[in-house]
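**Student:** Mind having a look at this structure? Questions to follow.
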Amino acid sequence: MNNPQIEKNLLFIFRQTPYGNERAKEGLDAALAAAAFDQKVSLLFAGDGLWQLCSHQEVSSTEKNHLKKLSACTLYGIENLYIYNEDPVFTDWISRICPLNCTVLDRHSVQNLISKHDHVLVY
Amino acid sequence: MKFTLVIQSSPVNTEGSLTALRFAEALIANNQQIYRVFLTSDGVLNTSALTQMPQGENNLPELWHKFAKDNHIEIVACISAALKRGVINSAEANRYQKESSNMFDDTVLAGLGEYVDALKESDRVVCFGV
């Protein structure tokens with residue numbers, strides 16, 4: 001780390017389901033690492049990424065529960081979680097069953113959110 | 001301007017890695033600085049020196065290796081993403097008692113700290129592989 005004082009606003013966008021591939025897991029690892037290194041991190045769940053917030057995720061003993069790991073975000077100082085999906089019924093359902101505190105955004109707010117961050121990382 | 005490229009896509013199946021390489025070449029041609037190329041997810045396969053493509057197809061690991069060498073650019077692969085996909089250098093192969101290794105010698109295996117460092121130090125970060 002050359003300049004520890006540099007702090008960036010980072011937006012991680014999650015667009016994939018929690019278990020079909022490694023994306024969600026690796027993206028969350030990156031987001032938590034960034035937060036652990038004192039960067040300002042926000043998370044946006046979009047498209048199929050909303051499934052990561054679904055409650056009652058049942059996994060086998062050889063897998064890790066993604067939602068449980070997501071719940072650690074606040075411990076890492078990640079307070080801002082956002083949801084965006086074109087389907088209002090799906091969005092409403094996820095926001096009601098998700099145990100984490102998330103803000104539902106419309107398309108215009110997503111544009112604002114992206115523009116106010118230094119870097120956007122898509123997973 | 002200082003750029004970091006994050007490559008998440010495999011050298012086969014998807015266009016992400018080739019697009020990233022073309023973008024990197026364009027940056028150099030336009031006198032921009034590449035701070036780091038970070039390989040993560042399936043992107044780590046871009047550093048497997050054992051990749052052999054059919055005749056007439058792009059061998060992206062070799063193309064990236066040559067590009068990095070010619071332009072003195074650091075390619076860093078995420079260590080956890082690499083090891084679980086069977087991409088390993090000789091030091092890690094020794095440590096885990098594997099029979100062989102397959103990474104290009106000058107590619108660095110590192111943790112997410114190097115990734116965060118690149119995010120901090122760069123003016124622009126561009127992800128390839130969605």
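Identifiers for the structure tokens are assigned positionally: chains receive A, B, ... in sequence, residues are indexed from 1 per chain, and ligands are indexed from 1 in the order shown.
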Would you mind listing, as a list in words, all residues of chain B that have at least one atom within 10 Å of chain A, where only C-alpha atoms are what counts?
**Tutor:**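 Matching residues, ligands excluded from the count: Val6, Gln8, Thr40, Ser41, Asp42, Ser80, Ala81, Gly111, Leu112, Gly113, Glu114, Tyr115, Val116, Asp117, Ala118, Leu119, Lys120, Glu121, Ser122, Asp123, Arg124, Val125, Val126, Cys127, Phe128, Gly129 and Val130 of chain B.
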**Student:** Among chain B, which residues carry a DSSP assignment of alpha helix (DSSP H), reported as a ChimeraX atom specification?
**Tutor:** /B:16-29,60-71,79-84,90-95,112-121
**Student:** Quick one: residues within 10 Å of His66 in chain A, only C-alpha atoms counted, chain neighbours fewer than 6 positions away excluded, as a list of chain:residue names?
**Tutor:**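 In the requested form, the answer reads A:Pro18, A:Tyr19, A:Ala24, A:Lys25, A:Leu28, A:Gln52, A:Leu53, A:Cys54, A:Gln57, A:Glu58, A:Val59.
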**Student:** What separation in Å, quoted to one decimal, exists between CA of Leu113 in chain A and CA of Leu50 in chain A?
**Tutor:**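 Computing it gives 17.2 Å between the two atoms.
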**Student:** I want to know what sits within 7 Å of Ala110 in chain B, based on only C-alpha atoms, with residues of the same chain fewer than 4 positions away left out; could you give that as a PDB file with N, CA, C and O atoms, in the first residue's frame?
**Tutor:**
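around10.pdb, written as the output of this step:
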ATOM      1  N   VAL B  76      -1.383  -9.353 -11.993  1.00  0.00           N
ATOM      2  CA  VAL B  76      -1.546  -9.984 -10.690  1.00  0.00           C
ATOM      3  C   VAL B  76      -2.791 -10.871 -10.729  1.00  0.00           C
ATOM      4  O   VAL B  76      -3.845 -10.435 -11.169  1.00  0.00           O
ATOM      5  N   ALA B  77      -2.645 -12.118 -10.300  1.00  0.00           N
ATOM      6  CA  ALA B  77      -3.792 -13.016 -10.241  1.00  0.00           C
ATOM      7  C   ALA B  77      -4.186 -13.229  -8.787  1.00  0.00           C
ATOM      8  O   ALA B  77      -3.327 -13.388  -7.911  1.00  0.00           O
ATOM      9  N   CYS B  78      -5.493 -13.207  -8.531  1.00  0.00           N
ATOM     10  CA  CYS B  78      -6.010 -13.449  -7.179  1.00  0.00           C
ATOM     11  C   CYS B  78      -5.667 -14.886  -6.767  1.00  0.00           C
ATOM     12  O   CYS B  78      -6.026 -15.846  -7.455  1.00  0.00           O
ATOM     13  N   ILE B  79      -4.989 -15.009  -5.660  1.00  0.00           N
ATOM     14  CA  ILE B  79      -4.449 -16.326  -5.283  1.00  0.00           C
ATOM     15  C   ILE B  79      -5.542 -17.341  -4.979  1.00  0.00           C
ATOM     16  O   ILE B  79      -5.448 -18.502  -5.410  1.00  0.00           O
ATOM     17  N   GLU B 114      -3.864  -6.530  -2.846  1.00  0.00           N
ATOM     18  CA  GLU B 114      -3.315  -5.945  -4.074  1.00  0.00           C
ATOM     19  C   GLU B 114      -4.430  -5.358  -4.946  1.00  0.00           C
ATOM     20  O   GLU B 114      -4.230  -4.395  -5.678  1.00  0.00           O
TER      21      GLU B 114
END
**Student:** Using Å and a single decimal, report how far CA of Leu45 in chain B sits from CA of Ile73 in chain B.
**Tutor:** 17.8 Å
**Student:** Between B:Val44, B:Ile7, B:Leu21, B:Ile88, single out the one closest to Asn102 in chain B, counting only C-alpha atoms.
**Tutor:**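 So, comparing all the options, the nearest one is B:Ile88.
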**Student:** Report, in Å with one decimal, the straight-line distance from CA of Thr51 in chain B to CA of Ser17 in chain B.
**Tutor:** 14.2 Å
